[in-house]
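K.L.:
Structure: model_25.cif, mmCIF, C-alpha atoms; chains and numbers go by the auth columns.
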```cif
data_run
loop_
_atom_site.group_PDB
_atom_site.id
_atom_site.type_symbol
_atom_site.label_atom_id
_atom_site.label_comp_id
_atom_site.label_asym_id
_atom_site.label_seq_id
_atom_site.Cartn_x
_atom_site.Cartn_y
_atom_site.Cartn_z
_atom_site.B_iso_or_equiv
_atom_site.auth_seq_id
_atom_site.auth_asym_id
ATOM 1 C CA MET A 1 -92.987 105.481 -65.829 0.00 1 A
ATOM 2 C CA SER A 2 -96.561 104.338 -65.564 0.00 2 A
ATOM 3 C CA ALA A 3 -98.282 103.144 -62.391 0.00 3 A
ATOM 4 C CA ASP A 4 -98.495 99.590 -63.773 0.00 4 A
ATOM 5 C CA ALA A 5 -94.737 99.437 -64.295 0.00 5 A
ATOM 6 C CA THR A 6 -94.136 100.736 -60.764 0.00 6 A
ATOM 7 C CA ASN A 7 -96.513 98.144 -59.309 0.00 7 A
ATOM 8 C CA PHE A 8 -94.857 95.412 -61.353 0.00 8 A
ATOM 9 C CA GLU A 9 -91.407 96.441 -60.143 0.00 9 A
ATOM 10 C CA ALA A 10 -92.612 96.531 -56.540 0.00 10 A
ATOM 11 C CA LEU A 11 -94.149 93.076 -56.915 0.00 11 A
ATOM 12 C CA LEU A 12 -90.909 91.758 -58.407 0.00 12 A
ATOM 13 C CA ARG A 13 -88.854 93.236 -55.560 0.00 13 A
ATOM 14 C CA GLN A 14 -91.200 91.668 -53.027 0.00 14 A
ATOM 15 C CA ALA A 15 -91.196 88.283 -54.753 0.00 15 A
ATOM 16 C CA LEU A 16 -87.418 88.193 -55.200 0.00 16 A
ATOM 17 C CA ALA A 17 -86.480 89.445 -51.743 0.00 17 A
ATOM 18 C CA PRO A 18 -83.812 87.298 -50.071 0.00 18 A
ATOM 19 C CA VAL A 19 -85.114 84.757 -47.582 0.00 19 A
ATOM 20 C CA ASP A 20 -82.953 83.533 -44.731 0.00 20 A
ATOM 21 C CA PRO A 21 -82.965 79.764 -44.250 0.00 21 A
ATOM 22 C CA PRO A 22 -84.191 78.334 -40.941 0.00 22 A
ATOM 23 C CA ALA A 23 -81.573 78.298 -38.196 0.00 23 A
ATOM 24 C CA ASP A 24 -81.606 74.515 -37.897 0.00 24 A
ATOM 25 C CA LEU A 25 -81.421 73.789 -41.639 0.00 25 A
ATOM 26 C CA ALA A 26 -77.795 72.610 -41.571 0.00 26 A
ATOM 27 C CA LEU A 27 -78.482 70.324 -38.612 0.00 27 A
ATOM 28 C CA ARG A 28 -81.568 68.822 -40.287 0.00 28 A
ATOM 29 C CA LEU A 29 -79.685 68.353 -43.552 0.00 29 A
ATOM 30 C CA GLU A 30 -76.786 66.653 -41.771 0.00 30 A
ATOM 31 C CA ARG A 31 -79.176 64.364 -39.878 0.00 31 A
ATOM 32 C CA THR A 32 -80.940 63.407 -43.120 0.00 32 A
ATOM 33 C CA LEU A 33 -77.641 62.671 -44.883 0.00 33 A
ATOM 34 C CA VAL A 34 -76.450 60.523 -41.967 0.00 34 A
ATOM 35 C CA ASN A 35 -79.727 58.571 -42.050 0.00 35 A
ATOM 36 C CA LEU A 36 -79.473 58.009 -45.803 0.00 36 A
ATOM 37 C CA ALA A 37 -75.887 56.807 -45.522 0.00 37 A
ATOM 38 C CA GLU A 38 -76.808 54.445 -42.667 0.00 38 A
ATOM 39 C CA PHE A 39 -79.803 53.030 -44.554 0.00 39 A
ATOM 40 C CA ALA A 40 -77.637 52.424 -47.617 0.00 40 A
ATOM 41 C CA GLN A 41 -74.991 50.729 -45.477 0.00 41 A
ATOM 42 C CA GLU A 42 -77.604 48.480 -43.862 0.00 42 A
ATOM 43 C CA GLU A 43 -78.981 47.557 -47.285 0.00 43 A
ATOM 44 C CA LEU A 44 -75.524 46.597 -48.520 0.00 44 A
ATOM 45 C CA GLU A 45 -74.803 44.579 -45.370 0.00 45 A
ATOM 46 C CA ALA A 46 -78.036 42.595 -45.893 0.00 46 A
ATOM 47 C CA TRP A 47 -77.115 41.889 -49.500 0.00 47 A
ATOM 48 C CA GLU A 48 -76.290 38.297 -50.424 0.00 48 A
ATOM 49 C CA LEU A 49 -73.790 37.487 -53.153 0.00 49 A
ATOM 50 C CA SER A 50 -75.724 34.386 -54.163 0.00 50 A
ATOM 51 C CA ALA A 51 -78.669 36.576 -55.154 0.00 51 A
ATOM 52 C CA MET A 52 -76.554 38.417 -57.723 0.00 52 A
ATOM 53 C CA ARG A 53 -76.942 35.665 -60.326 0.00 53 A
ATOM 54 C CA HIS A 54 -80.082 37.343 -61.636 0.00 54 A
ATOM 55 C CA PRO A 55 -79.757 40.895 -62.972 0.00 55 A
ATOM 56 C CA ARG A 56 -83.142 41.888 -61.526 0.00 56 A
ATOM 57 C CA ASN A 57 -81.553 41.563 -58.066 0.00 57 A
ATOM 58 C CA TRP A 58 -78.916 44.177 -58.879 0.00 58 A
ATOM 59 C CA VAL A 59 -81.208 47.180 -58.514 0.00 59 A
ATOM 60 C CA ARG A 60 -81.343 47.482 -54.712 0.00 60 A
ATOM 61 C CA PRO A 61 -77.574 47.191 -54.142 0.00 61 A
ATOM 62 C CA ALA A 62 -76.892 49.586 -57.024 0.00 62 A
ATOM 63 C CA VAL A 63 -79.322 52.149 -55.610 0.00 63 A
ATOM 64 C CA ALA A 64 -77.817 51.686 -52.136 0.00 64 A
ATOM 65 C CA ILE A 65 -74.320 52.334 -53.506 0.00 65 A
ATOM 66 C CA VAL A 66 -75.428 55.486 -55.343 0.00 66 A
ATOM 67 C CA VAL A 67 -77.484 56.847 -52.430 0.00 67 A
ATOM 68 C CA GLY A 68 -74.828 56.006 -49.850 0.00 68 A
ATOM 69 C CA GLY A 69 -72.028 57.486 -51.941 0.00 69 A
ATOM 70 C CA THR A 70 -73.946 60.657 -52.676 0.00 70 A
ATOM 71 C CA ALA A 71 -75.074 61.123 -49.070 0.00 71 A
ATOM 72 C CA GLY A 72 -71.565 60.464 -47.782 0.00 72 A
ATOM 73 C CA THR A 73 -69.998 62.915 -50.204 0.00 73 A
ATOM 74 C CA ALA A 74 -72.551 65.599 -49.344 0.00 74 A
ATOM 75 C CA LEU A 75 -72.012 64.974 -45.631 0.00 75 A
ATOM 76 C CA VAL A 76 -68.237 65.400 -45.969 0.00 76 A
ATOM 77 C CA ALA A 77 -68.734 68.598 -47.989 0.00 77 A
ATOM 78 C CA LEU A 78 -71.200 69.994 -45.452 0.00 78 A
ATOM 79 C CA ARG A 79 -68.965 69.310 -42.461 0.00 79 A
ATOM 80 C CA VAL A 80 -65.801 70.603 -44.158 0.00 80 A
ATOM 81 C CA ARG A 81 -67.584 73.751 -45.316 0.00 81 A
ATOM 82 C CA ARG A 82 -68.863 74.441 -41.809 0.00 82 A
ATOM 83 C CA ARG A 83 -65.280 74.703 -40.513 0.00 83 A
ATOM 84 C CA HIS A 84 -63.920 76.699 -43.458 0.00 84 A
ATOM 85 C CA SER A 85 -63.846 80.118 -41.785 0.00 85 A
ATOM 86 C CA SER A 86 -61.882 78.867 -38.768 0.00 86 A
ATOM 87 C CA ARG A 87 -59.372 77.149 -41.072 0.00 87 A
ATOM 88 C CA ARG A 88 -59.032 80.341 -43.110 0.00 88 A
ATOM 89 C CA GLN A 89 -58.280 82.401 -39.988 0.00 89 A
ATOM 90 C CA ARG A 90 -55.605 79.947 -38.803 0.00 90 A
ATOM 91 C CA SER A 91 -53.906 79.670 -42.207 0.00 91 A
ATOM 92 C CA ALA A 92 -51.084 82.001 -43.158 0.00 92 A
ATOM 93 C CA ASN A 93 -51.511 81.554 -46.934 0.00 93 A
ATOM 94 C CA ILE A 94 -53.563 79.760 -49.570 0.00 94 A
ATOM 95 C CA VAL A 95 -51.273 76.715 -49.683 0.00 95 A
ATOM 96 C CA GLU A 96 -51.643 76.161 -45.949 0.00 96 A
ATOM 97 C CA LEU A 97 -55.422 76.632 -46.236 0.00 97 A
ATOM 98 C CA ALA A 98 -55.567 74.023 -49.013 0.00 98 A
ATOM 99 C CA GLY A 99 -53.525 71.622 -46.879 0.00 99 A
ATOM 100 C CA ARG A 100 -55.782 72.101 -43.862 0.00 100 A
ATOM 101 C CA THR A 101 -58.887 71.647 -46.033 0.00 101 A
ATOM 102 C CA LEU A 102 -57.497 68.457 -47.565 0.00 102 A
ATOM 103 C CA HIS A 103 -56.695 67.142 -44.090 0.00 103 A
ATOM 104 C CA ASP A 104 -60.257 67.945 -42.977 0.00 104 A
ATOM 105 C CA ILE A 105 -61.702 66.131 -45.996 0.00 105 A
ATOM 106 C CA THR A 106 -59.583 63.070 -45.233 0.00 106 A
ATOM 107 C CA GLU A 107 -60.596 63.020 -41.567 0.00 107 A
ATOM 108 C CA GLU A 108 -64.309 63.407 -42.314 0.00 108 A
ATOM 109 C CA THR A 109 -64.159 60.685 -44.962 0.00 109 A
ATOM 110 C CA ARG A 110 -62.515 58.314 -42.495 0.00 110 A
ATOM 111 C CA ARG A 111 -65.146 59.186 -39.905 0.00 111 A
ATOM 112 C CA ILE A 112 -68.118 58.274 -42.107 0.00 112 A
ATOM 113 C CA LEU A 113 -66.709 55.244 -43.919 0.00 113 A
ATOM 114 C CA PRO A 114 -67.840 51.978 -42.308 0.00 114 A
ATOM 115 C CA GLY A 115 -65.174 49.863 -40.653 0.00 115 A
ATOM 116 C CA ARG A 116 -62.444 52.494 -40.743 0.00 116 A
#
```
Would you mind giving the structure from this file in structure tokens?
P.N.:
Amino acid sequence: MSADATNFEALLRQALAPVDPPADLALRLERTLVNLAEFAQEELEAWELSAMRHPRNWVRPAVAIVVGGTAGTALVALRVRRRHSSRRQRSANIVELAGRTLHDITEETRRILPGR
């Protein structure tokens, strides 16, 4: 193998080395998702039905629904995933684990939905 190939391989190894995420990444992500969901909820609460006569007024509520739904779904997934290892240790089999996970998803969804 030539020296150029060795250098190239070393550069590739260095460039593709695993990088650990910051310790507070999950907390920052959760905070951002909560803020997005709250902003979308506030936008929908300020929405007036009388303004819906004109299609140009549909953009903001439609964006709020998409952003709020996406942020809420990601928030549920993040919180359920965080508790996965403890659920796995407490479960005797895969069916029980699936039941516990489904229960967790339901509880988190109820927690973030407005008015529930």
K.L.:
Can you list what the PyMOL selection byres ((chain A and resi 61-69) around 10) grabs from this structure, as a VMD selection string?
P.N.:
chain A and resid 33 to 48 52 57 to 60 70 to 75 113
K.L.:
Go ahead and save the residues from that selection, with C-alpha atoms, as a short mmCIF file (atom, residue, chain, number, x, y, z; two decimals), keeping the file's coordinate frame.
P.N.:
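Heads up, here's the output in again_7.cif:
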```
data_model
loop_
_atom_site.label_atom_id
_atom_site.label_comp_id
_atom_site.auth_asym_id
_atom_site.auth_seq_id
_atom_site.Cartn_x
_atom_site.Cartn_y
_atom_site.Cartn_z
CA LEU A 33 -77.64 62.67 -44.88
CA VAL A 34 -76.45 60.52 -41.97
CA ASN A 35 -79.73 58.57 -42.05
CA LEU A 36 -79.47 58.01 -45.80
CA ALA A 37 -75.89 56.81 -45.52
CA GLU A 38 -76.81 54.44 -42.67
CA PHE A 39 -79.80 53.03 -44.55
CA ALA A 40 -77.64 52.42 -47.62
CA GLN A 41 -74.99 50.73 -45.48
CA GLU A 42 -77.60 48.48 -43.86
CA GLU A 43 -78.98 47.56 -47.28
CA LEU A 44 -75.52 46.60 -48.52
CA GLU A 45 -74.80 44.58 -45.37
CA ALA A 46 -78.04 42.60 -45.89
CA TRP A 47 -77.11 41.89 -49.50
CA GLU A 48 -76.29 38.30 -50.42
CA MET A 52 -76.55 38.42 -57.72
CA ASN A 57 -81.55 41.56 -58.07
CA TRP A 58 -78.92 44.18 -58.88
CA VAL A 59 -81.21 47.18 -58.51
CA ARG A 60 -81.34 47.48 -54.71
CA THR A 70 -73.95 60.66 -52.68
CA ALA A 71 -75.07 61.12 -49.07
CA GLY A 72 -71.56 60.46 -47.78
CA THR A 73 -70.00 62.92 -50.20
CA ALA A 74 -72.55 65.60 -49.34
CA LEU A 75 -72.01 64.97 -45.63
CA LEU A 113 -66.71 55.24 -43.92
#
```
K.L.:
What's the separation between atom CA of A:Ser91 and atom CA of A:Thr106, in Å to one decimal place?
P.N.:
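It comes out at 17.8 Å.
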K.L.:
Need to verify the contact set: A:Ala98, 10 Å, all atoms listed in the file, exclusion of same-chain residues closer than 5 positions in sequence. Can you return it as a CSV table (one decimal) with C-alpha atoms, in the coordinates of the input?
P.N.:
```
chain,number,residue,atom,x,y,z
A,87,ARG,CA,-59.4,77.1,-41.1
A,88,ARG,CA,-59.0,80.3,-43.1
A,91,SER,CA,-53.9,79.7,-42.2
A,93,ASN,CA,-51.5,81.6,-46.9
A,103,HIS,CA,-56.7,67.1,-44.1
A,104,ASP,CA,-60.3,67.9,-43.0
```
K.L.:
Please indicate the distance in Å from atom CA of A:Glu107 to atom CA of A:His84, rounded to one decimal place.
P.N.:
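Distance reported for this atom pair: 14.2 Å.
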K.L.:
Provide an axis-aligned box for all listed atoms of stretch 78-93 of chain A, padding each side by 5 Å; report its centre and its edge lengths in Å to one decimal, as AutoDock Vina command-line options.
P.N.:
```
--center_x -61.1 --center_y 75.9 --center_z -42.9 --size_x 30.1 --size_y 23.1 --size_z 18.2
```
K.L.:
Could you please fill out stretch 28-60 of chain A with N, CA and C atoms and send it back as a short mmCIF file (atom, residue, chain, number, x, y, z; two decimals), in the coordinates of the input?
P.N.:
```cif
data_model
loop_
_atom_site.label_atom_id
_atom_site.label_comp_id
_atom_site.auth_asym_id
_atom_site.auth_seq_id
_atom_site.Cartn_x
_atom_site.Cartn_y
_atom_site.Cartn_z
N ARG A 28 -80.59 69.74 -39.69
CA ARG A 28 -81.57 68.82 -40.29
C ARG A 28 -81.01 68.15 -41.53
N LEU A 29 -80.29 68.91 -42.35
CA LEU A 29 -79.68 68.35 -43.55
C LEU A 29 -78.64 67.30 -43.19
N GLU A 30 -77.81 67.61 -42.20
CA GLU A 30 -76.79 66.65 -41.77
C GLU A 30 -77.43 65.38 -41.23
N ARG A 31 -78.48 65.53 -40.43
CA ARG A 31 -79.18 64.36 -39.88
C ARG A 31 -79.78 63.49 -41.00
N THR A 32 -80.36 64.14 -42.00
CA THR A 32 -80.94 63.41 -43.12
C THR A 32 -79.86 62.67 -43.91
N LEU A 33 -78.73 63.32 -44.15
CA LEU A 33 -77.64 62.67 -44.88
C LEU A 33 -77.07 61.49 -44.11
N VAL A 34 -76.94 61.64 -42.79
CA VAL A 34 -76.45 60.52 -41.97
C VAL A 34 -77.42 59.36 -42.04
N ASN A 35 -78.73 59.64 -41.96
CA ASN A 35 -79.73 58.57 -42.05
C ASN A 35 -79.68 57.86 -43.39
N LEU A 36 -79.55 58.61 -44.48
CA LEU A 36 -79.47 58.01 -45.80
C LEU A 36 -78.24 57.12 -45.93
N ALA A 37 -77.11 57.60 -45.45
CA ALA A 37 -75.89 56.81 -45.52
C ALA A 37 -76.02 55.53 -44.69
N GLU A 38 -76.63 55.63 -43.51
CA GLU A 38 -76.81 54.44 -42.67
C GLU A 38 -77.77 53.44 -43.30
N PHE A 39 -78.87 53.93 -43.89
CA PHE A 39 -79.80 53.03 -44.55
C PHE A 39 -79.14 52.31 -45.72
N ALA A 40 -78.33 53.04 -46.49
CA ALA A 40 -77.64 52.42 -47.62
C ALA A 40 -76.64 51.38 -47.13
N GLN A 41 -75.95 51.68 -46.04
CA GLN A 41 -74.99 50.73 -45.48
C GLN A 41 -75.71 49.47 -44.99
N GLU A 42 -76.84 49.64 -44.33
CA GLU A 42 -77.60 48.48 -43.86
C GLU A 42 -78.10 47.64 -45.04
N GLU A 43 -78.52 48.28 -46.10
CA GLU A 43 -78.98 47.56 -47.28
C GLU A 43 -77.85 46.74 -47.89
N LEU A 44 -76.66 47.32 -47.96
CA LEU A 44 -75.52 46.60 -48.52
C LEU A 44 -75.06 45.46 -47.61
N GLU A 45 -75.18 45.65 -46.29
CA GLU A 45 -74.80 44.58 -45.37
C GLU A 45 -75.77 43.40 -45.46
N ALA A 46 -77.04 43.66 -45.79
CA ALA A 46 -78.04 42.60 -45.89
C ALA A 46 -77.99 41.90 -47.25
N TRP A 47 -77.21 42.39 -48.14
CA TRP A 47 -77.11 41.89 -49.50
C TRP A 47 -76.39 40.55 -49.51
N GLU A 48 -76.90 39.62 -50.31
CA GLU A 48 -76.29 38.30 -50.42
C GLU A 48 -75.70 38.14 -51.81
N LEU A 49 -74.46 37.67 -51.87
CA LEU A 49 -73.79 37.49 -53.15
C LEU A 49 -74.49 36.44 -54.01
N SER A 50 -75.06 35.44 -53.39
CA SER A 50 -75.72 34.39 -54.16
C SER A 50 -76.93 34.92 -54.94
N ALA A 51 -77.52 36.00 -54.48
CA ALA A 51 -78.67 36.58 -55.15
C ALA A 51 -78.28 37.37 -56.40
N MET A 52 -77.01 37.59 -56.61
CA MET A 52 -76.55 38.42 -57.72
C MET A 52 -76.53 37.67 -59.05
N ARG A 53 -76.92 36.42 -59.07
CA ARG A 53 -76.94 35.66 -60.33
C ARG A 53 -77.94 36.25 -61.30
N HIS A 54 -79.03 36.79 -60.80
CA HIS A 54 -80.08 37.34 -61.64
C HIS A 54 -79.97 38.86 -61.68
N PRO A 55 -79.90 39.44 -62.86
CA PRO A 55 -79.76 40.90 -62.97
C PRO A 55 -80.88 41.69 -62.30
N ARG A 56 -82.05 41.14 -62.17
CA ARG A 56 -83.14 41.89 -61.53
C ARG A 56 -82.84 42.13 -60.05
N ASN A 57 -81.93 41.38 -59.47
CA ASN A 57 -81.55 41.56 -58.07
C ASN A 57 -80.45 42.62 -57.88
N TRP A 58 -80.00 43.20 -58.96
CA TRP A 58 -78.92 44.18 -58.88
C TRP A 58 -79.41 45.58 -58.54
N VAL A 59 -80.69 45.82 -58.66
CA VAL A 59 -81.21 47.18 -58.51
C VAL A 59 -81.01 47.72 -57.10
N ARG A 60 -81.43 46.97 -56.09
CA ARG A 60 -81.34 47.48 -54.71
C ARG A 60 -79.90 47.77 -54.28
#
```
